[in-house]
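So this block is coords-v4.cif, mmCIF, C-alpha atoms:
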```
data_protein
loop_
_atom_site.group_PDB
_atom_site.id
_atom_site.type_symbol
_atom_site.label_atom_id
_atom_site.label_comp_id
_atom_site.auth_asym_id
_atom_site.auth_seq_id
_atom_site.Cartn_x
_atom_site.Cartn_y
_atom_site.Cartn_z
ATOM 1 C CA MET A 11 198.451 -19.319 151.034
ATOM 2 C CA GLY A 12 200.118 -22.595 150.169
ATOM 3 C CA LEU A 13 203.551 -21.487 151.383
ATOM 4 C CA ASN A 14 205.928 -23.939 152.983
ATOM 5 C CA LEU A 15 209.405 -23.775 154.453
ATOM 6 C CA GLY A 16 211.059 -24.898 151.218
ATOM 7 C CA TRP A 17 209.270 -22.157 149.240
ATOM 8 C CA VAL A 18 210.379 -19.479 151.695
ATOM 9 C CA TYR A 19 213.935 -20.837 151.805
ATOM 10 C CA LEU A 20 214.321 -20.710 148.022
ATOM 11 C CA PHE A 21 212.682 -17.293 147.856
ATOM 12 C CA MET A 22 215.362 -15.961 150.210
ATOM 13 C CA GLY A 23 217.909 -16.552 147.458
ATOM 14 C CA VAL A 24 215.903 -14.398 145.071
ATOM 15 C CA VAL A 25 215.729 -11.558 147.603
ATOM 16 C CA ILE A 26 219.222 -11.542 149.128
ATOM 17 C CA GLY A 27 221.278 -13.329 146.461
ATOM 18 C CA SER A 28 222.087 -10.083 144.674
ATOM 19 C CA ALA A 29 224.149 -8.896 147.658
ATOM 20 C CA VAL A 30 226.526 -11.885 147.695
ATOM 21 C CA ILE A 31 229.060 -10.997 144.994
ATOM 22 C CA PRO A 32 229.137 -7.221 145.706
ATOM 23 C CA LEU A 33 229.873 -7.922 149.379
ATOM 24 C CA TRP A 34 232.556 -10.438 148.441
ATOM 25 C CA ASN A 35 234.133 -7.922 146.076
ATOM 26 C CA MET A 36 234.125 -5.234 148.769
ATOM 27 C CA MET A 37 236.065 -7.515 151.121
ATOM 28 C CA THR A 38 238.581 -8.902 148.632
ATOM 29 C CA TRP A 39 238.928 -6.552 145.632
ATOM 30 C CA SER A 40 240.773 -3.260 145.965
ATOM 31 C CA LYS A 41 239.021 -1.811 142.885
ATOM 32 C CA ALA A 42 235.517 -2.476 144.210
ATOM 33 C CA SER A 43 233.252 0.570 144.363
ATOM 34 C CA GLY A 44 230.963 1.061 147.342
ATOM 35 C CA THR A 45 228.457 2.969 145.265
ATOM 36 C CA GLY A 46 228.627 0.273 142.625
ATOM 37 C CA ALA A 47 227.933 -2.395 145.270
ATOM 38 C CA VAL A 48 224.727 -0.649 146.331
ATOM 39 C CA ILE A 49 223.618 -0.156 142.736
ATOM 40 C CA ALA A 50 224.452 -3.753 141.826
ATOM 41 C CA ALA A 51 222.605 -5.209 144.824
ATOM 42 C CA TRP A 52 219.379 -3.300 144.154
ATOM 43 C CA SER A 53 219.582 -3.750 140.379
ATOM 44 C CA GLY A 54 220.175 -7.473 140.811
ATOM 45 C CA LEU A 55 217.148 -7.707 143.101
ATOM 46 C CA VAL A 56 214.906 -5.987 140.545
ATOM 47 C CA LEU A 57 216.173 -8.174 137.698
ATOM 48 C CA ALA A 58 215.778 -11.302 139.815
ATOM 49 C CA LEU A 59 212.168 -10.484 140.683
ATOM 50 C CA ILE A 60 211.386 -9.763 137.033
ATOM 51 C CA GLY A 61 213.001 -12.992 135.866
ATOM 52 C CA TRP A 62 211.275 -14.946 138.634
ATOM 53 C CA LEU A 63 207.816 -13.630 137.715
ATOM 54 C CA VAL A 64 208.378 -13.979 133.973
ATOM 55 C CA GLY A 65 209.632 -17.536 134.451
ATOM 56 C CA ALA A 66 206.492 -18.460 136.391
ATOM 57 C CA LYS A 67 204.307 -16.927 133.664
ATOM 58 C CA ILE A 68 206.112 -18.769 130.859
ATOM 59 C CA GLN A 69 206.233 -22.146 132.559
ATOM 60 C CA GLY A 70 202.849 -22.183 134.280
ATOM 61 C CA GLU A 71 200.905 -19.725 132.094
ATOM 62 C CA SER A 72 199.893 -17.888 135.269
ATOM 63 C CA VAL A 73 201.613 -16.359 138.275
ATOM 64 C CA THR A 74 200.564 -18.248 141.388
ATOM 65 C CA VAL A 75 202.242 -19.458 144.551
ATOM 66 C CA ALA A 76 202.548 -22.910 143.006
ATOM 67 C CA THR A 77 204.134 -21.760 139.731
ATOM 68 C CA LEU A 78 206.443 -19.355 141.546
ATOM 69 C CA GLY A 79 207.649 -22.184 143.779
ATOM 70 C CA THR A 80 208.708 -24.670 141.109
ATOM 71 C CA ASN A 81 212.380 -25.615 141.078
ATOM 72 C CA GLU A 82 213.080 -24.216 137.606
ATOM 73 C CA VAL A 83 211.486 -20.827 138.345
ATOM 74 C CA MET A 84 213.171 -20.488 141.729
ATOM 75 C CA LEU A 85 216.501 -21.490 140.198
ATOM 76 C CA SER A 86 216.187 -18.854 137.476
ATOM 77 C CA GLY A 87 215.437 -16.143 140.049
ATOM 78 C CA ASN A 88 218.387 -17.155 142.227
ATOM 79 C CA LEU A 89 220.844 -17.307 139.337
ATOM 80 C CA ILE A 90 219.736 -13.955 137.938
ATOM 81 C CA ALA A 91 220.126 -12.363 141.380
ATOM 82 C CA ILE A 92 223.656 -13.688 141.904
ATOM 83 C CA PHE A 93 225.190 -13.281 138.457
ATOM 84 C CA SER A 94 223.507 -10.051 137.342
ATOM 85 C CA SER A 95 224.658 -8.192 140.459
ATOM 86 C CA GLY A 96 228.175 -9.553 140.021
ATOM 87 C CA ILE A 97 228.358 -8.405 136.414
ATOM 88 C CA ILE A 98 226.918 -4.968 137.223
ATOM 89 C CA HIS A 99 229.326 -4.427 140.108
ATOM 90 C CA TYR A 100 232.328 -5.516 138.039
ATOM 91 C CA ILE A 101 231.463 -3.178 135.149
ATOM 92 C CA TYR A 102 230.751 -0.248 137.482
ATOM 93 C CA SER A 103 233.943 -0.773 139.495
ATOM 94 C CA LYS A 104 236.137 -1.431 136.480
ATOM 95 C CA PHE A 105 235.004 1.275 134.069
ATOM 96 C CA ILE A 106 232.878 3.865 135.904
ATOM 97 C CA ASP A 107 234.127 4.299 139.459
ATOM 98 C CA PRO A 108 237.328 2.292 140.007
ATOM 99 C CA GLN A 109 238.811 2.518 143.485
ATOM 100 C CA ASP A 110 242.328 1.860 144.766
ATOM 101 C CA TYR A 111 241.713 0.867 148.354
ATOM 102 C CA ASP A 112 244.698 -0.115 150.447
ATOM 103 C CA PHE A 113 243.653 -2.970 152.727
ATOM 104 C CA SER A 114 246.755 -2.436 154.865
ATOM 105 C CA THR A 115 245.056 0.627 156.360
ATOM 106 C CA LEU A 116 242.680 -1.751 158.135
ATOM 107 C CA ASN A 117 245.623 -3.347 159.917
ATOM 108 C CA GLU A 118 246.957 0.050 160.958
ATOM 109 C CA ASN A 119 243.664 1.439 162.264
ATOM 110 C CA ILE A 120 242.047 -1.607 163.886
ATOM 111 C CA HIS A 121 243.475 -2.403 167.311
ATOM 112 C CA LEU A 122 242.513 -4.646 170.170
ATOM 113 C CA VAL A 123 240.853 -2.994 173.161
ATOM 114 C CA GLU A 124 243.755 -1.700 175.267
ATOM 115 C CA GLN A 125 246.016 -4.025 173.235
ATOM 116 C CA ASP A 126 245.291 -6.761 175.801
ATOM 117 C CA LEU A 127 246.887 -10.021 174.618
ATOM 118 C CA SER A 128 246.997 -11.655 178.050
ATOM 119 C CA GLY A 129 244.489 -14.322 177.030
ATOM 120 C CA LEU A 130 246.534 -15.454 174.018
ATOM 121 C CA GLY A 131 249.296 -18.028 174.157
ATOM 122 C CA GLU A 132 252.611 -17.885 172.330
ATOM 123 C CA GLN A 133 251.328 -19.936 169.406
ATOM 124 C CA GLN A 134 248.264 -17.709 169.062
ATOM 125 C CA GLN A 135 250.570 -14.707 168.620
ATOM 126 C CA ASP A 136 253.107 -16.421 166.359
ATOM 127 C CA ARG A 137 252.747 -15.039 162.844
ATOM 128 C CA LYS A 138 254.106 -18.219 161.234
ATOM 129 C CA VAL A 139 251.570 -20.360 163.060
ATOM 130 C CA LEU A 140 248.772 -17.987 162.114
ATOM 131 C CA ARG A 141 249.818 -18.023 158.449
ATOM 132 C CA HIS A 142 249.847 -21.809 158.480
ATOM 133 C CA ALA A 143 246.399 -21.897 160.096
ATOM 134 C CA LYS A 144 245.085 -19.439 157.524
ATOM 135 C CA ARG A 145 246.334 -21.604 154.648
ATOM 136 C CA TRP A 146 244.903 -24.728 156.297
ATOM 137 C CA ILE A 147 241.466 -23.148 156.634
ATOM 138 C CA ALA A 148 241.474 -21.641 153.128
ATOM 139 C CA ARG A 149 242.457 -24.873 151.367
ATOM 140 C CA ARG A 150 239.898 -27.006 153.126
ATOM 141 C CA GLY A 151 237.248 -24.327 152.748
ATOM 142 C CA TYR A 152 237.727 -24.198 148.979
ATOM 143 C CA LEU A 153 237.795 -28.004 148.784
ATOM 144 C CA LEU A 154 234.584 -28.359 150.808
ATOM 145 C CA THR A 155 232.890 -25.691 148.686
ATOM 146 C CA PHE A 156 233.872 -27.545 145.505
ATOM 147 C CA VAL A 157 232.593 -30.859 146.880
ATOM 148 C CA LYS A 158 229.252 -29.463 148.064
ATOM 149 C CA ILE A 159 228.516 -27.306 145.009
ATOM 150 C CA ILE A 160 229.984 -29.407 142.168
ATOM 151 C CA VAL A 161 230.739 -32.983 143.202
ATOM 152 C CA TRP A 162 227.742 -33.646 145.457
ATOM 153 C CA PRO A 163 225.068 -32.638 142.887
ATOM 154 C CA ILE A 164 226.888 -34.541 140.125
ATOM 155 C CA LEU A 165 226.716 -37.740 142.185
ATOM 156 C CA SER A 166 222.915 -37.549 142.089
ATOM 157 C CA ILE A 167 222.705 -37.379 138.277
ATOM 158 C CA PRO A 168 223.188 -41.131 137.574
ATOM 159 C CA ALA A 169 220.314 -41.943 139.951
ATOM 160 C CA GLY A 170 217.857 -39.934 137.864
ATOM 161 C CA VAL A 171 214.498 -39.967 139.644
ATOM 162 C CA PHE A 172 215.217 -41.103 143.176
ATOM 163 C CA THR A 173 213.719 -44.393 144.240
ATOM 164 C CA LYS A 174 212.332 -44.610 147.762
ATOM 165 C CA PRO A 175 215.329 -46.601 149.146
ATOM 166 C CA PHE A 176 217.837 -44.284 147.452
ATOM 167 C CA PHE A 177 216.054 -41.193 148.756
ATOM 168 C CA ALA A 178 216.025 -42.726 152.260
ATOM 169 C CA PHE A 179 219.798 -43.250 151.967
ATOM 170 C CA TRP A 180 220.215 -39.626 150.779
ATOM 171 C CA VAL A 181 218.252 -38.322 153.774
ATOM 172 C CA LEU A 182 220.162 -40.574 156.179
ATOM 173 C CA LEU A 183 223.454 -39.301 154.801
ATOM 174 C CA SER A 184 222.324 -35.685 155.255
ATOM 175 C CA ILE A 185 221.243 -36.359 158.838
ATOM 176 C CA ALA A 186 224.558 -38.059 159.592
ATOM 177 C CA TRP A 187 226.409 -35.066 158.139
ATOM 178 C CA GLY A 188 224.406 -32.672 160.305
ATOM 179 C CA PHE A 189 224.911 -34.659 163.499
ATOM 180 C CA GLY A 190 228.614 -35.089 162.742
ATOM 181 C CA ALA A 191 229.031 -31.345 162.267
ATOM 182 C CA ALA A 192 227.046 -30.582 165.433
ATOM 183 C CA ILE A 193 229.121 -33.010 167.511
ATOM 184 C CA THR A 194 232.371 -31.669 166.099
ATOM 185 C CA ILE A 195 231.660 -28.007 166.803
ATOM 186 C CA SER A 196 230.406 -28.912 170.288
ATOM 187 C CA VAL A 197 233.126 -31.310 171.410
ATOM 188 C CA LEU A 198 236.260 -29.717 169.935
ATOM 189 C CA PRO A 199 235.947 -26.389 171.847
ATOM 190 C CA LEU A 200 235.441 -28.347 175.077
ATOM 191 C CA PHE A 201 238.486 -30.493 174.330
ATOM 192 C CA GLU A 202 240.668 -27.490 173.487
ATOM 193 C CA SER A 203 239.579 -25.656 176.645
ATOM 194 C CA GLN A 204 239.765 -28.623 179.011
ATOM 195 C CA ASP A 205 242.550 -27.079 181.111
ATOM 196 C CA GLU A 206 240.649 -23.831 181.662
ATOM 197 C CA ILE A 207 237.394 -25.682 182.333
ATOM 198 C CA GLY A 208 239.190 -27.921 184.843
ATOM 199 C CA LYS A 209 240.579 -24.907 186.698
ATOM 200 C CA VAL A 210 237.154 -23.251 186.850
ATOM 201 C CA CYS A 211 235.453 -26.421 188.103
ATOM 202 C CA SER A 212 238.233 -26.973 190.644
ATOM 203 C CA GLY A 213 237.880 -23.411 191.904
ATOM 204 C CA MET A 214 234.111 -23.763 192.227
ATOM 205 C CA LEU A 215 234.503 -27.039 194.132
ATOM 206 C CA ASN A 216 237.075 -25.518 196.480
ATOM 207 C CA TYR A 217 234.747 -22.580 197.093
ATOM 208 C CA ILE A 218 231.796 -24.876 197.893
ATOM 209 C CA LEU A 219 233.941 -26.959 200.271
ATOM 210 C CA CYS A 220 235.406 -23.786 201.806
ATOM 211 C CA LYS A 221 238.817 -25.058 200.926
ATOM 212 C CA LYS A 222 241.444 -22.383 200.604
ATOM 213 C CA VAL A 223 244.070 -23.052 197.991
ATOM 214 C CA GLU A 224 247.044 -20.780 197.630
ATOM 215 C CA GLU A 225 248.046 -20.276 194.064
ATOM 216 C CA THR A 226 250.870 -18.247 192.690
ATOM 217 C CA TYR A 227 250.472 -16.316 189.501
ATOM 218 C CA ALA A 228 253.294 -15.086 187.364
ATOM 219 C CA GLU A 229 253.284 -11.390 186.770
ATOM 220 C CA GLU A 230 252.057 -10.504 183.347
ATOM 221 C CA GLU A 231 254.263 -8.243 181.338
ATOM 222 C CA PRO A 232 252.626 -5.357 179.519
ATOM 223 C CA ALA A 233 251.219 -6.658 176.263
ATOM 224 C CA ALA A 234 252.829 -5.510 173.072
ATOM 225 C CA PRO A 235 250.685 -3.866 170.402
ATOM 226 C CA ALA A 236 248.848 -6.320 168.171
ATOM 227 C CA LYS A 237 250.572 -7.157 164.905
ATOM 228 C CA THR A 238 249.075 -8.376 161.685
ATOM 229 C CA LEU A 239 250.174 -11.380 159.683
ATOM 230 C CA GLU A 240 251.890 -9.205 157.110
ATOM 231 C CA GLU A 241 253.518 -6.859 159.578
ATOM 232 C CA GLU A 242 257.140 -7.734 160.331
ATOM 233 C CA GLU A 243 258.438 -4.650 162.158
ATOM 234 C CA PRO A 244 256.708 -1.868 164.086
ATOM 235 C CA VAL A 245 256.222 1.393 162.263
ATOM 236 C CA PRO A 246 257.641 4.203 164.428
ATOM 237 C CA GLN A 247 256.215 6.913 162.211
ATOM 238 C CA ALA A 248 252.670 5.666 162.723
ATOM 239 C CA ALA A 249 253.174 5.356 166.479
ATOM 240 C CA LYS A 250 254.650 8.866 166.654
ATOM 241 C CA ALA A 251 251.771 10.316 164.641
ATOM 242 C CA LEU A 252 249.269 8.559 166.898
ATOM 243 C CA GLU A 253 250.983 9.937 169.997
ATOM 244 C CA GLU A 254 250.939 13.458 168.549
ATOM 245 C CA ASP A 255 247.226 13.124 167.779
ATOM 246 C CA GLU A 256 246.559 12.050 171.371
ATOM 247 C CA HIS A 257 248.468 15.074 172.737
ATOM 248 C CA THR A 258 246.504 17.332 170.409
ATOM 249 C CA LEU A 259 243.173 15.937 171.573
ATOM 250 C CA VAL A 260 244.182 16.315 175.227
ATOM 251 C CA SER A 261 245.253 19.928 174.626
ATOM 252 C CA GLN A 262 241.987 20.745 172.909
ATOM 253 C CA ALA A 263 240.007 19.165 175.716
ATOM 254 C CA VAL A 264 241.879 21.239 178.326
#
```

Take the structure in the file and give it back as structure tokens.
Amino acid sequence: MGLNLGWVYLFMGVVIGSAVIPLWNMMTWSKASGTGAVIAAWSGLVLALIGWLVGAKIQGESVTVATLGTNEVMLSGNLIAIFSSGIIHYIYSKFIDPQDYDFSTLNENIHLVEQDLSGLGEQQQDRKVLRHAKRWIARRGYLLTFVKIIVWPILSIPAGVFTKPFFAFWVLLSIAWGFGAAITISVLPLFESQDEIGKVCSGMLNYILCKKVEETYAEEEPAAPAKTLEEEEPVPQAAKALEEDEHTLVSQAV
């Protein structure tokens, strides 16, 4: 059929790109409409396929695997999928079916299983530390997104058509980036968990050597209910209502 991995990879953007902005809106925008997200995703897909096919017809005078796989045609299909669905979802949510979702209800209704915080240290439960970590991740995430989407492509413009040595350098840089990322995400978790890994390995060695080691463990206090970053004080009304609901369910079961 003449398909290759690059063709399939770019075609994925045409097919699933229309779901990107509606999903983002649903997670971050209180006015986002669920119905509008579904409509926008499917409408964006239809528009993207139409634009993709029309672009291949205009540029190549025929619709074939080769003309559908050119960079310009694939780019047009991807852009139509992303932006058309975003515009449709915004209009639907803003003027047709605006919502007023309170995201704080997620914090009130989502709890850890049995509220077990025994595996978390003091810093991992400190709201100030968590806020700082959230800001650290967000800032670097936005910066990396800007570099990869804006700065990185702009750096290739002065080169024009890549020469063989320049393209070899470009590929080498990409490989180095991939290996660096792979090493980082593999080594850092091992480094951060070195104490726990050491204890496990020591226990396994003692078991193999039939060496009995007496260890004392501090008694764990009952874990407090999980708190969100925004939550400063417990809400007694919510806890009382939850307790009443539990009593009601038990009574009905009996």

* Using only C-alpha atoms, pick whichever of A:Val75, A:Leu200, A:Ile101, A:Val83 has the shortest atom-to-atom distance to A:Gly46. =>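 That would be A:Ile101, the residue with the smallest distance to A:Gly46.
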
* If you apply the PyMOL selection byres ((chain A and resi 17) around 12) to this file, what residues do you get, as a ChimeraX atom specification? -> /A:11-16,18-24,75-81,83-85

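For the atom pair formed by atom CA of A:Trp39 and atom CA of A:Thr115, the distance is 14.3 Å, given to one decimal.
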
* **Residues near stretch 160-166 of chain A, cut-off 12 Å, all atoms listed in the file, skip fewer than 5 positions along chain, as a PyMOL selection string** => chain A and resi 152-155+171-173+176-177+179-180+183-184

* Which distance in Å separates atom CA of A:Lys158 and atom CA of A:His99, to one decimal? ->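 Computing the Euclidean distance for atom CA of A:Lys158 and atom CA of A:His99 yields 26.3 Å.
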
* To do: Kindly give the distance, in Å, that separates atom CA of A:Ile90 and atom CA of A:Gly61, rounded to a single decimal.
  =>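 Atom CA of A:Ile90 sits 7.1 Å away from atom CA of A:Gly61.
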
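Counting all atoms listed in the file, A:Gly213 has the following residues at most 10 Å away, ignoring those fewer than 6 positions along the same chain: Ile207, Leu219, Lys221, Lys222 and Val223 of chain A.
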
Using only C-alpha atoms, what table do you get, as CSV, when you list each residue of stretch 86-190 of chain A with an atom no more than 12 Å from stretch 56-59 of chain A, its nearest pair of atoms, and their distance in Å rounded to one decimal, rows by chain then rising number?
```
residue,atom,partner,partner_atom,distance
A:Ser86,CA,A:Ala58,CA,7.9
A:Gly87,CA,A:Ala58,CA,4.9
A:Asn88,CA,A:Ala58,CA,6.8
A:Leu89,CA,A:Ala58,CA,7.9
A:Ile90,CA,A:Ala58,CA,5.1
A:Ala91,CA,A:Ala58,CA,4.7
A:Ile92,CA,A:Ala58,CA,8.5
A:Phe93,CA,A:Ala58,CA,9.7
A:Ser94,CA,A:Leu57,CA,7.6
A:Ser95,CA,A:Leu57,CA,8.9
A:Ile98,CA,A:Leu57,CA,11.2
```

Please enclose the listed atoms of stretch 23-31 of chain A in an axis-aligned box, pad each side by 3 Å, and write out the centre and the three edge lengths in Å, rounded to one decimal, as AutoDock Vina command-line options.
```
--center_x 222.4 --center_y -12.7 --center_z 146.9 --size_x 19.3 --size_y 13.7 --size_z 10.5
```

* Answer as a list in words, residues within 6 Å of (235.9, -4.1, 139.2) using all atoms listed in the file ->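 Every polymer residue passing the test: Lys41, Ala42, Tyr100, Ser103 and Lys104 of chain A.
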
* Asked: So which one's closest to A:Ser114, A:Ser40, A:Phe201, A:Gly170, A:Ser212? Using only C-alpha atoms, please.
  -> A:Ser40
